[in-house]
>>> print(open('my_file_32.txt').read())   # compact mmCIF, C-alpha atoms and all ligand atoms
# COMPACT_ATOMS: atom_id res chain seq x y z
CA MET Z 287 103.72 127.80 -106.30
CA ALA Z 288 106.98 129.42 -105.25
CA GLN Z 289 109.76 129.42 -107.83
CA LEU Z 290 113.47 129.71 -107.26
CA GLY Z 291 115.34 132.18 -109.44
CA LEU Z 292 118.43 134.32 -109.98
CA VAL Z 293 118.10 138.07 -110.52
CA VAL Z 294 119.91 138.77 -113.78
CA LYS Z 295 118.87 142.33 -114.46
CA SER Z 296 117.43 145.28 -112.63
CA THR Z 297 115.84 148.24 -114.35
CA GLY Z 298 114.71 150.15 -111.30
CA LEU Z 299 111.09 149.17 -111.84
CA TRP Z 300 111.45 145.51 -112.69
CA TYR Z 301 113.77 142.72 -111.78
CA GLU Z 302 114.41 140.11 -114.37
CA VAL Z 303 114.59 136.71 -112.74
CA GLU Z 304 115.89 133.56 -114.43
CA THR Z 305 114.72 130.16 -113.26
CA GLU Z 306 116.86 127.04 -113.27
CA SER Z 307 115.21 126.01 -116.54
CA ASN Z 308 116.41 129.33 -118.05
CA GLU Z 309 112.99 130.93 -118.20
CA ARG Z 310 112.85 134.63 -117.50
CA TYR Z 311 110.18 136.46 -115.53
CA LYS Z 312 109.69 140.18 -114.98
CA CYS Z 313 109.24 140.51 -111.26
CA ARG Z 314 108.43 143.25 -108.83
CA ILE Z 315 108.71 143.46 -105.12
CA ILE Z 316 106.22 144.43 -102.46
CA GLY Z 317 107.13 145.90 -99.09
CA LYS Z 318 110.13 147.73 -97.65
CA PHE Z 319 113.61 146.41 -97.16
CA ARG Z 320 116.46 147.99 -95.26
CA LEU Z 321 120.17 147.33 -94.98
CA GLN Z 322 122.43 148.53 -92.16
CA GLY Z 323 119.49 150.66 -91.02
CA MET Z 324 119.67 152.72 -94.21
CA LYS Z 325 117.11 153.00 -96.93
CA LEU Z 326 117.81 151.22 -100.19
CA THR Z 327 116.99 152.51 -103.66
CA ASN Z 328 116.87 148.88 -104.81
CA PRO Z 329 116.12 146.21 -102.23
CA VAL Z 330 116.83 143.44 -104.72
CA THR Z 331 119.99 143.35 -106.80
CA VAL Z 332 121.61 141.43 -109.62
CA GLY Z 333 123.09 138.21 -108.26
CA ASP Z 334 120.36 137.73 -105.66
CA LYS Z 335 118.75 134.35 -105.33
CA VAL Z 336 115.05 134.82 -104.75
CA ASP Z 337 111.74 133.03 -104.34
CA PHE Z 338 108.93 134.44 -106.43
CA GLU Z 339 105.30 133.71 -107.21
CA ILE Z 340 104.22 133.67 -110.83
CA GLU Z 341 101.63 136.37 -111.32
CA ASP Z 342 100.80 135.98 -114.99
CA VAL Z 343 101.92 132.86 -116.85
CA GLU Z 344 101.53 134.35 -120.33
CA GLU Z 345 103.03 137.73 -119.60
CA LYS Z 346 105.75 135.98 -117.57
CA THR Z 347 105.47 138.29 -114.59
CA GLY Z 348 105.94 137.55 -110.93
CA ILE Z 349 106.30 138.87 -107.41
CA ILE Z 350 109.45 138.37 -105.39
CA ASN Z 351 108.64 137.41 -101.82
CA LYS Z 352 111.95 136.25 -100.45
CA ILE Z 353 115.60 137.15 -100.91
CA HIS Z 354 117.91 134.31 -99.95
CA THR Z 355 120.75 135.13 -97.56
CA ARG Z 356 123.54 136.83 -99.49
CA LYS Z 357 127.08 135.47 -99.40
CA ASN Z 358 128.23 139.06 -99.89
CA TYR Z 359 127.15 142.27 -101.58
CA ILE Z 360 128.63 145.48 -102.89
CA VAL Z 361 126.87 148.63 -101.82
CA ARG Z 362 127.43 152.32 -102.48
CA GLN Z 363 125.83 155.60 -101.55
CA SER Z 364 123.11 156.28 -104.09
CA PRO Z 365 124.37 158.73 -106.71
CA ARG Z 366 120.95 160.37 -106.80
CA LYS Z 367 119.61 160.20 -103.26
CA LYS Z 368 122.25 160.99 -100.66
CA HIS Z 369 120.59 159.22 -97.75
CA PHE Z 370 119.95 156.03 -99.65
CA LEU Z 371 122.18 153.09 -100.37
CA HIS Z 372 122.36 151.45 -103.75
CA LEU Z 373 123.16 147.76 -104.05
CA LEU Z 374 125.44 147.19 -107.03
CA ALA Z 375 125.38 143.38 -106.95
CA SER Z 376 125.45 140.39 -104.64
CA ASN Z 377 126.93 136.91 -104.40
CA VAL Z 378 130.05 137.68 -106.41
CA ASP Z 379 133.35 135.78 -106.36
CA GLN Z 380 135.44 138.77 -107.37
CA ALA Z 381 135.31 142.30 -108.70
CA VAL Z 382 137.13 143.61 -111.75
CA LEU Z 383 137.85 147.32 -111.63
CA ILE Z 384 138.75 148.71 -115.02
CA VAL Z 385 140.81 151.89 -115.07
CA THR Z 386 143.13 153.63 -117.49
CA ILE Z 387 146.05 155.95 -116.77
CA THR Z 388 145.18 158.13 -119.74
CA ASN Z 389 142.20 158.96 -121.94
CA PRO Z 390 140.47 159.64 -119.58
CA ASP Z 391 143.03 160.44 -116.85
CA LEU Z 392 142.80 158.31 -113.74
CA LYS Z 393 140.97 160.23 -111.04
CA GLN Z 394 143.07 160.56 -107.89
CA GLY Z 395 141.77 158.28 -105.16
CA PHE Z 396 139.24 156.47 -107.32
CA ILE Z 397 140.81 153.02 -106.91
CA ASP Z 398 140.93 153.38 -103.12
CA ARG Z 399 137.33 154.50 -103.01
CA PHE Z 400 136.29 151.49 -105.05
CA LEU Z 401 138.21 149.16 -102.73
CA LEU Z 402 136.22 150.54 -99.81
CA MET Z 403 133.16 148.88 -101.34
CA THR Z 404 134.69 145.43 -101.78
CA GLU Z 405 136.69 145.27 -98.56
CA PRO Z 406 133.88 144.77 -96.01
CA TYR Z 407 133.34 141.27 -97.47
CA ASN Z 408 136.94 140.70 -98.52
CA ILE Z 409 135.92 140.38 -102.13
CA PRO Z 410 139.03 139.80 -104.27
CA VAL Z 411 139.68 142.60 -106.74
CA ILE Z 412 141.51 142.57 -110.04
CA ILE Z 413 142.57 146.06 -111.10
CA VAL Z 414 142.72 146.13 -114.89
CA PHE Z 415 144.74 148.95 -116.44
CA ASN Z 416 143.31 149.20 -119.93
CA LYS Z 417 144.43 151.16 -123.01
CA VAL Z 418 148.10 150.21 -122.53
CA ASP Z 419 148.53 150.85 -126.27
CA LEU Z 420 148.24 154.56 -125.42
CA TYR Z 421 150.80 154.55 -122.59
CA GLY Z 422 154.13 156.30 -123.11
CA PRO Z 423 157.05 156.16 -120.64
CA ASP Z 424 155.32 158.54 -118.18
CA GLU Z 425 152.15 156.46 -118.08
CA MET Z 426 154.16 153.25 -117.73
CA GLU Z 427 155.97 154.76 -114.77
CA ILE Z 428 152.66 155.62 -113.13
CA PHE Z 429 151.37 152.13 -113.87
CA ASN Z 430 154.43 150.50 -112.30
CA ARG Z 431 154.11 152.63 -109.20
CA LEU Z 432 150.43 151.72 -108.82
CA LYS Z 433 151.07 148.05 -109.52
CA ASN Z 434 153.71 147.95 -106.77
CA CYS Z 435 151.41 149.75 -104.39
CA TYR Z 436 148.40 147.47 -104.92
CA GLU Z 437 150.16 144.14 -105.40
CA LYS Z 438 151.97 144.70 -102.12
CA ILE Z 439 148.59 144.64 -100.40
CA ASN Z 440 147.39 141.67 -102.46
CA TYR Z 441 145.25 143.17 -105.15
CA ASN Z 442 145.89 141.65 -108.53
CA CYS Z 443 146.90 144.08 -111.33
CA LEU Z 444 146.66 143.43 -115.04
CA LEU Z 445 147.64 145.45 -118.13
CA THR Z 446 145.30 145.19 -121.10
CA SER Z 447 144.48 146.71 -124.42
CA ALA Z 448 140.98 146.01 -125.62
CA THR Z 449 141.90 147.29 -129.07
CA ASP Z 450 145.10 145.33 -129.70
CA GLY Z 451 144.34 142.29 -127.56
CA MET Z 452 147.07 142.50 -124.95
CA GLY Z 453 146.17 140.79 -121.67
CA ILE Z 454 142.78 139.62 -122.92
CA ASP Z 455 143.55 135.89 -122.63
CA GLU Z 456 144.79 136.40 -119.11
CA LEU Z 457 141.68 138.31 -118.17
CA LYS Z 458 139.49 135.64 -119.75
CA GLU Z 459 141.19 133.00 -117.69
CA LEU Z 460 140.67 134.98 -114.50
CA LEU Z 461 136.96 135.26 -115.26
CA THR Z 462 136.25 131.67 -116.23
CA GLY Z 463 134.08 129.77 -113.78
CA LYS Z 464 133.52 132.75 -111.50
CA THR Z 465 130.90 135.41 -110.97
CA SER Z 466 132.63 138.75 -111.47
CA LEU Z 467 131.36 142.24 -110.99
CA ILE Z 468 132.80 144.49 -113.72
CA SER Z 469 133.03 148.15 -112.98
CA GLY Z 470 134.80 151.37 -113.93
CA GLN Z 471 134.41 155.04 -114.75
CA SER Z 472 132.77 155.59 -118.11
CA GLY Z 473 135.09 155.76 -121.08
CA VAL Z 474 137.73 153.40 -119.69
CA GLY Z 475 136.81 150.74 -122.27
CA LYS Z 476 134.62 148.41 -120.25
CA SER Z 477 132.27 147.62 -123.13
CA THR Z 478 135.14 147.15 -125.57
CA LEU Z 479 136.88 144.82 -123.12
CA ILE Z 480 133.77 142.72 -122.52
CA ASN Z 481 133.35 142.50 -126.26
CA ALA Z 482 136.94 141.33 -126.63
CA ILE Z 483 136.39 138.65 -123.99
CA ASP Z 484 133.15 137.30 -125.40
CA PRO Z 485 131.99 138.88 -128.68
CA GLY Z 486 128.48 137.47 -128.38
CA LEU Z 487 127.73 139.34 -125.19
CA ILE Z 488 128.15 142.92 -126.24
CA LEU Z 489 125.72 142.64 -129.14
CA LYS Z 490 123.16 141.60 -126.62
CA THR Z 491 124.12 144.49 -124.35
CA LYS Z 492 123.73 146.96 -127.20
CA GLU Z 493 120.43 145.54 -128.34
CA LEU Z 494 118.91 145.72 -124.89
CA SER Z 495 120.26 149.06 -123.73
CA GLY Z 496 120.14 151.14 -126.88
CA TYR Z 497 122.40 154.05 -127.73
CA SER Z 498 122.81 157.53 -126.37
CA GLY Z 499 122.50 160.58 -128.64
CA LYS Z 500 126.18 160.46 -129.56
CA GLY Z 501 125.77 156.98 -130.96
CA GLN Z 502 127.67 155.61 -127.99
CA HIS Z 503 126.70 152.49 -126.20
CA THR Z 504 125.10 153.21 -122.83
CA THR Z 505 124.53 150.78 -120.01
CA THR Z 506 122.05 152.14 -117.53
CA PHE Z 507 121.48 149.15 -115.28
CA ALA Z 508 123.42 146.24 -113.95
CA GLU Z 509 123.03 142.99 -115.83
CA LEU Z 510 124.37 139.47 -115.44
CA TYR Z 511 125.68 137.65 -118.49
CA LYS Z 512 126.76 134.04 -118.67
CA LEU Z 513 130.14 133.48 -120.28
CA LYS Z 514 130.59 130.85 -122.97
CA GLU Z 515 133.48 129.25 -121.09
CA GLY Z 516 131.57 129.11 -117.79
CA GLY Z 517 131.03 131.70 -115.11
CA SER Z 518 129.32 135.02 -115.49
CA ILE Z 519 129.94 138.73 -115.41
CA ILE Z 520 127.80 141.42 -113.88
CA ASP Z 521 128.13 144.50 -116.01
CA THR Z 522 127.46 147.69 -114.04
CA PRO Z 523 126.88 151.27 -115.21
CA GLY Z 524 129.91 153.58 -115.44
CA ILE Z 525 130.73 155.22 -112.10
CA LYS Z 526 131.19 159.00 -111.96
CA GLY Z 527 132.28 159.39 -108.36
CA LEU Z 528 132.01 157.59 -105.06
CA SER Z 529 130.94 159.16 -101.77
CA PHE Z 530 130.46 157.34 -98.52
CA ASN Z 531 128.08 158.90 -96.06
CA ASN Z 532 127.09 155.38 -95.04
CA LEU Z 533 130.55 155.03 -93.44
CA ASN Z 534 132.14 156.66 -90.43
CA VAL Z 535 135.84 157.39 -89.92
CA LEU Z 536 136.58 154.07 -88.23
CA ASP Z 537 134.75 152.13 -90.96
CA VAL Z 538 137.17 153.66 -93.46
CA ALA Z 539 140.15 152.86 -91.22
CA HIS Z 540 139.02 149.25 -90.92
CA ASN Z 541 138.61 148.87 -94.65
CA PHE Z 542 142.06 150.04 -95.67
CA ARG Z 543 143.39 146.51 -95.27
CA GLU Z 544 147.04 147.25 -94.52
CA PHE Z 545 146.06 149.97 -92.03
CA PHE Z 546 143.73 147.55 -90.30
CA GLU Z 547 146.47 144.96 -90.08
CA LEU Z 548 148.87 147.52 -88.53
CA SER Z 549 146.27 149.08 -86.22
CA LYS Z 550 146.69 146.27 -83.67
CA ASN Z 551 149.97 147.97 -82.80
CA CYS Z 552 148.54 151.47 -82.50
CA ARG Z 553 148.40 152.77 -78.95
CA PHE Z 554 144.67 153.48 -79.15
CA SER Z 555 142.30 150.80 -80.34
CA ASN Z 556 140.14 153.45 -82.02
CA CYS Z 557 143.12 155.17 -83.66
CA THR Z 558 142.19 157.03 -86.84
CA HIS Z 559 145.89 157.21 -87.83
CA ARG Z 560 145.92 160.99 -88.09
CA ASN Z 561 147.40 162.81 -85.11
CA GLU Z 562 147.31 160.15 -82.42
CA PRO Z 563 150.59 159.34 -80.62
CA LYS Z 564 152.23 155.94 -81.10
CA CYS Z 565 150.36 155.23 -84.31
CA ALA Z 566 151.65 152.14 -86.11
CA VAL Z 567 150.27 153.30 -89.45
CA LYS Z 568 152.11 156.62 -89.31
CA LYS Z 569 155.27 154.86 -88.25
CA ALA Z 570 154.96 152.48 -91.21
CA LEU Z 571 154.33 155.48 -93.45
CA GLU Z 572 157.57 157.11 -92.26
CA GLU Z 573 159.41 153.88 -92.99
CA SER Z 574 157.78 153.71 -96.45
CA GLU Z 575 156.09 150.45 -95.55
CA VAL Z 576 152.72 152.08 -96.14
CA SER Z 577 152.14 153.81 -99.46
CA GLU Z 578 152.02 157.59 -99.26
CA LEU Z 579 149.46 157.60 -102.05
CA ARG Z 580 147.12 155.33 -100.11
CA TYR Z 581 147.58 157.41 -96.99
CA MET Z 582 146.83 160.71 -98.78
CA ASN Z 583 143.73 159.21 -100.34
CA TYR Z 584 142.67 157.88 -96.96
CA LEU Z 585 142.92 161.37 -95.42
CA GLN Z 586 140.95 162.80 -98.31
CA ILE Z 587 138.13 160.27 -97.82
CA LEU Z 588 138.00 161.06 -94.09
CA ASP Z 589 137.80 164.79 -94.90
CA ASP Z 590 134.97 164.19 -97.35
CA ILE Z 591 133.02 162.11 -94.87
CA GLU Z 592 133.48 164.62 -92.09
CA SER Z 593 132.47 167.61 -94.18
CA GLN Z 594 129.47 165.74 -95.57
CA ASN Z 595 128.39 164.88 -92.04
CA HIS Z 596 128.96 168.47 -90.97
CA TRP Z 597 126.55 169.72 -93.63
CA ASP Z 598 124.06 167.00 -92.80
CA ILE Z 599 123.98 168.12 -89.17
CA HIS Z 600 123.51 171.77 -90.15
CA GLU Z 601 120.76 170.95 -92.63
CA MET Z 602 118.63 169.43 -89.90
P1 LIG Z 701 133.08 152.23 -121.47
O1 LIG Z 701 132.36 153.54 -121.27
O2 LIG Z 701 133.98 151.95 -120.31
O3 LIG Z 701 132.19 151.09 -121.79
O4 LIG Z 701 134.08 152.48 -122.69
P2 LIG Z 701 133.98 152.00 -124.21
O5 LIG Z 701 134.20 150.55 -124.32
O6 LIG Z 701 132.76 152.58 -124.81
O7 LIG Z 701 135.28 152.72 -124.78
C1 LIG Z 701 135.47 154.13 -124.76
C2 LIG Z 701 136.42 154.52 -125.88
O8 LIG Z 701 137.72 153.97 -125.62
C3 LIG Z 701 136.01 153.96 -127.23
O9 LIG Z 701 136.27 154.92 -128.20
C4 LIG Z 701 136.89 152.74 -127.41
O10 LIG Z 701 137.15 152.44 -128.75
C5 LIG Z 701 138.17 153.17 -126.71
N1 LIG Z 701 138.94 152.05 -126.17
C6 LIG Z 701 138.50 151.00 -125.42
N2 LIG Z 701 139.51 150.18 -125.07
C7 LIG Z 701 140.63 150.71 -125.61
C8 LIG Z 701 142.01 150.33 -125.61
O11 LIG Z 701 142.44 149.31 -125.03
N3 LIG Z 701 142.87 151.15 -126.28
C9 LIG Z 701 142.47 152.27 -126.92
N4 LIG Z 701 143.37 153.00 -127.56
N5 LIG Z 701 141.18 152.66 -126.95
C10 LIG Z 701 140.27 151.90 -126.31
ZN ZN Z 702 147.03 154.44 -85.81
>>> encode(input="my_file_32.txt", output="C-alpha cells")
Amino acid sequence: MAQLGLVVKSTGLWYEVETESNERYKCRIIGKFRLQGMKLTNPVTVGDKVDFEIEDVEEKTGIINKIHTRKNYIVRQSPRKKHFLHLLASNVDQAVLIVTITNPDLKQGFIDRFLLMTEPYNIPVIIVFNKVDLYGPDEMEIFNRLKNCYEKINYNCLLTSATDGMGIDELKELLTGKTSLISGQSGVGKSTLINAIDPGLILKTKELSGYSGKGQHTTTFAELYKLKEGGSIIDTPGIKGLSFNNLNVLDVAHNFREFFELSKNCRFSNCTHRNEPKCAVKKALEESEVSELRYMNYLQILDDIESQNHWDIHEM
C-alpha cells in the first residue's frame, strides 16, 4: 500500500521519510530523474513530499515511487561533479543565509551568488549577519552598507550574536510557523545560532552527525527539524563556494532582481548590461540607483560562467 511521507533527511544513499503519524522509514529510489535536462546527484531532496511502498515492516525500509509536484526548490551545481546539479531542498517558505563580516571574513560576492539560487522561485531571503559582538566600527560600516544595499531590493537583514543573544528573539519570530532553509559558509555560527533558537535541536544534530577530528560539529547532509514553536528548519551543510554552470548569462541577468526590473527599459531585450548602448541598468548604476557592489559581483559571475563554458568546450 502506498504511503504518503515527507523527506526529512538525505544521506546520499538513503532518504529518511516521515509519515503523517511521525513514523520514519529509510527509503531508496529506483530509476533516473532529471531536472532542467541536467543530471542530478540527488533526485529526491529534503522537503519533498513523496509516495513510497513499505519494503520491510520491521526494518522500516521503503521505496520511493513518486515525488509530488514541488512548490519550489533550491538547486546548485554539484560541488563534486561539475555537470551535475544538487538539490539543496524543496518546498520552503524562505531561506535564511547566515554570514559574518569577520571571523571568517565575508567572501566577496557570496551573498549575490546565494541569491541566484533563491531568485528563480522568488523565495524570500533573510540575510543574518552573525557575530555582531565581534564587530568594531569598520565592520559596522560594512554591515550598514550591505544592509542598505540589500534592503533596498527587499531582502531582509538582521544582526545577531549567537553567543550574547542579540537578535535571537527576532530571528525566532521570523522562523515560527514557516519552513526555512538555513545556509551559510562553514564557521559563520550556523550551529550555534540554531542551538540558541531551539536548544533541543542541536543535541540531536550532534548525536546524529558525529564530530570531525578537531572535535567540531560537522553536518554532512541536509536535515529537516521541527521547531517547538511550530514550523521547521532545513539545516544544510556549510557552503564553500558557489559556481553556476547550469546558468547562462541571461539567466544571471534575469535573477538579479533589480536588473531584471530595469531591463524592460534597456534598448535590447536580451541586454546583458555590459557594453550595450542605451542600457537602463548602466544608466541606473551611473545615477547610483543600482549598487556598484552588486554590479561588480554580477560581472564577476558572468566572467566565471563564460570561462567555465570556454573550458568545457575545449575539453570536448
Ligand atoms: P557553523 O560552521 O556555521 O555551524 O559554525 P559554528 O556554530 O560551529 O561556530 C563556529 C565558531 O564561531 C564557534 O567557535 C562558535 O563558538 C563561534 N560563534 C558562533 N556564533 C558566534 C557569535 O555570535 N559570536 C562569536 N563571537 N562567536 C560565535
Ligand atoms: Zn541593459
>>> closest_residue(input="my_file_32.txt", among="Z:Thr404, Z:Gln363, Z:Asn541, Z:Thr478", to="Z:Lys417", atoms="only C-alpha atoms")
Z:Thr478
>>> closest_atom_pairs(input="my_file_32.txt", of="chain Z", to="ligand ZN 702 (chain Z)", cutoff="9 Å", atoms="all atoms listed in the file", output="tab-separated table")
residue	atom	partner	partner_atom	distance
Z:Ala539	CA	Z:ZN702	ZN	8.9
Z:Phe545	CA	Z:ZN702	ZN	7.7
Z:Phe546	CA	Z:ZN702	ZN	8.9
Z:Leu548	CA	Z:ZN702	ZN	7.7
Z:Ser549	CA	Z:ZN702	ZN	5.4
Z:Lys550	CA	Z:ZN702	ZN	8.5
Z:Asn551	CA	Z:ZN702	ZN	7.7
Z:Cys552	CA	Z:ZN702	ZN	4.7
Z:Arg553	CA	Z:ZN702	ZN	7.2
Z:Phe554	CA	Z:ZN702	ZN	7.1
Z:Ser555	CA	Z:ZN702	ZN	8.1
Z:Asn556	CA	Z:ZN702	ZN	7.9
Z:Cys557	CA	Z:ZN702	ZN	4.5
Z:Thr558	CA	Z:ZN702	ZN	5.6
Z:His559	CA	Z:ZN702	ZN	3.6
Z:Arg560	CA	Z:ZN702	ZN	7.0
Z:Asn561	CA	Z:ZN702	ZN	8.4
Z:Glu562	CA	Z:ZN702	ZN	6.6
Z:Pro563	CA	Z:ZN702	ZN	8.0
Z:Lys564	CA	Z:ZN702	ZN	7.2
Z:Cys565	CA	Z:ZN702	ZN	3.7
Z:Ala566	CA	Z:ZN702	ZN	5.2
Z:Val567	CA	Z:ZN702	ZN	5.0
Z:Lys568	CA	Z:ZN702	ZN	6.5
Z:Lys569	CA	Z:ZN702	ZN	8.6
>>> axis_aligned_box(input="my_file_32.txt", around="ligand LIG 701 (chain Z)", padding_each_side="6 Å", output="JSON")
{"center_x": 137.8, "center_y": 152.1, "center_z": -124.5, "size_x": 23.2, "size_y": 17.6, "size_z": 20.4}
>>> atom_distance(input="my_file_32.txt", atom1="atom C7 of ligand LIG 701 (chain Z)", atom2="atom CA of Z:Asn416")
6.5 Å
>>> residues_near_ligand(input="my_file_32.txt", ligand="ligand LIG 701 (chain Z)", cutoff="8 Å", atoms="only C-alpha atoms and all ligand atoms", output="ChimeraX atom specification")
/Z:384,389,416-420,446-451,470-479,502-505,524
>>> residues_around(input="my_file_32.txt", residues="Z:Asn583", least_positions_apart="6", cutoff="9 Å", atoms="only C-alpha atoms", output="mmCIF file with C-alpha atoms, keeping the file's coordinate frame")
data_model
loop_
_atom_site.group_PDB
_atom_site.id
_atom_site.type_symbol
_atom_site.label_atom_id
_atom_site.label_comp_id
_atom_site.auth_asym_id
_atom_site.auth_seq_id
_atom_site.Cartn_x
_atom_site.Cartn_y
_atom_site.Cartn_z
ATOM 1 C CA GLN Z 394 143.070 160.560 -107.890
ATOM 2 C CA GLY Z 395 141.770 158.280 -105.160
ATOM 3 C CA PHE Z 396 139.240 156.470 -107.320
ATOM 4 C CA ASP Z 398 140.930 153.380 -103.120
ATOM 5 C CA ARG Z 399 137.330 154.500 -103.010
#
>>> residues_near_point(input="my_file_32.txt", point="(139.5, 127.5, -116.3)", cutoff="12 Å", atoms="only C-alpha atoms", output="number ranges by chain")
Z: 455-464, 513-517
>>> closest_atom_pairs(input="my_file_32.txt", of="stretch 416-494 of chain Z", to="stretch 321-342 of chain Z", cutoff="12 Å", atoms="only C-alpha atoms", output="CSV")
residue,atom,partner,partner_atom,distance
Z:Thr465,CA,Z:Gly333,CA,8.7
Z:Ser466,CA,Z:Gly333,CA,10.1
Z:Leu467,CA,Z:Gly333,CA,9.6
>>> atom_distance(input="my_file_32.txt", atom1="atom CA of Z:Lys438", atom2="atom CA of Z:Asn408")
16.0 Å
>>> build_atoms(input="my_file_32.txt", residues="stretch 534-554 of chain Z", atoms="N, CA and C atoms", output="JSON list (two decimals), keeping the file's coordinate frame")
[["chain", "number", "residue", "atom", "x", "y", "z"],
["Z", 534, "ASN", "N", 131.51, 155.69, -91.31],
["Z", 534, "ASN", "CA", 132.14, 156.66, -90.43],
["Z", 534, "ASN", "C", 133.66, 156.50, -90.53],
["Z", 535, "VAL", "N", 134.38, 157.36, -89.80],
["Z", 535, "VAL", "CA", 135.84, 157.39, -89.92],
["Z", 535, "VAL", "C", 136.46, 156.02, -89.62],
["Z", 536, "LEU", "N", 135.98, 155.37, -88.58],
["Z", 536, "LEU", "CA", 136.58, 154.07, -88.23],
["Z", 536, "LEU", "C", 136.25, 152.98, -89.26],
["Z", 537, "ASP", "N", 135.07, 153.08, -89.88],
["Z", 537, "ASP", "CA", 134.75, 152.13, -90.96],
["Z", 537, "ASP", "C", 135.80, 152.23, -92.06],
["Z", 538, "VAL", "N", 136.17, 153.46, -92.40],
["Z", 538, "VAL", "CA", 137.17, 153.66, -93.46],
["Z", 538, "VAL", "C", 138.51, 153.08, -93.00],
["Z", 539, "ALA", "N", 138.88, 153.38, -91.75],
["Z", 539, "ALA", "CA", 140.15, 152.86, -91.22],
["Z", 539, "ALA", "C", 140.18, 151.33, -91.26],
["Z", 540, "HIS", "N", 139.06, 150.72, -90.94],
["Z", 540, "HIS", "CA", 139.02, 149.25, -90.92],
["Z", 540, "HIS", "C", 139.06, 148.64, -92.30],
["Z", 541, "ASN", "N", 138.68, 149.43, -93.30],
["Z", 541, "ASN", "CA", 138.61, 148.87, -94.65],
["Z", 541, "ASN", "C", 139.77, 149.28, -95.56],
["Z", 542, "PHE", "N", 140.77, 149.93, -94.99],
["Z", 542, "PHE", "CA", 142.06, 150.04, -95.67],
["Z", 542, "PHE", "C", 142.86, 148.87, -95.11],
["Z", 543, "ARG", "N", 142.96, 147.78, -95.85],
["Z", 543, "ARG", "CA", 143.39, 146.51, -95.27],
["Z", 543, "ARG", "C", 144.75, 146.53, -94.57],
["Z", 544, "GLU", "N", 145.72, 147.25, -95.16],
["Z", 544, "GLU", "CA", 147.04, 147.25, -94.52],
["Z", 544, "GLU", "C", 147.03, 148.12, -93.26],
["Z", 545, "PHE", "N", 146.17, 149.13, -93.23],
["Z", 545, "PHE", "CA", 146.06, 149.97, -92.03],
["Z", 545, "PHE", "C", 145.44, 149.14, -90.91],
["Z", 546, "PHE", "N", 144.42, 148.37, -91.29],
["Z", 546, "PHE", "CA", 143.73, 147.55, -90.30],
["Z", 546, "PHE", "C", 144.69, 146.55, -89.66],
["Z", 547, "GLU", "N", 145.48, 145.94, -90.53],
["Z", 547, "GLU", "CA", 146.47, 144.96, -90.08],
["Z", 547, "GLU", "C", 147.44, 145.60, -89.07],
["Z", 548, "LEU", "N", 147.90, 146.82, -89.39],
["Z", 548, "LEU", "CA", 148.87, 147.52, -88.53],
["Z", 548, "LEU", "C", 148.23, 148.06, -87.25],
["Z", 549, "SER", "N", 146.92, 148.34, -87.32],
["Z", 549, "SER", "CA", 146.27, 149.08, -86.22],
["Z", 549, "SER", "C", 146.30, 148.34, -84.89],
["Z", 550, "LYS", "N", 146.55, 147.04, -84.92],
["Z", 550, "LYS", "CA", 146.69, 146.27, -83.67],
["Z", 550, "LYS", "C", 147.83, 146.83, -82.83],
["Z", 551, "ASN", "N", 148.81, 147.43, -83.51],
["Z", 551, "ASN", "CA", 149.97, 147.97, -82.80],
["Z", 551, "ASN", "C", 149.86, 149.46, -82.50],
["Z", 552, "CYS", "N", 148.72, 150.06, -82.86],
["Z", 552, "CYS", "CA", 148.54, 151.47, -82.50],
["Z", 552, "CYS", "C", 148.23, 151.53, -81.01],
["Z", 553, "ARG", "N", 148.61, 152.64, -80.39],
["Z", 553, "ARG", "CA", 148.40, 152.77, -78.95],
["Z", 553, "ARG", "C", 146.91, 152.74, -78.60],
["Z", 554, "PHE", "N", 146.11, 153.43, -79.42],
["Z", 554, "PHE", "CA", 144.67, 153.48, -79.15],
["Z", 554, "PHE", "C", 143.93, 152.53, -80.08]]
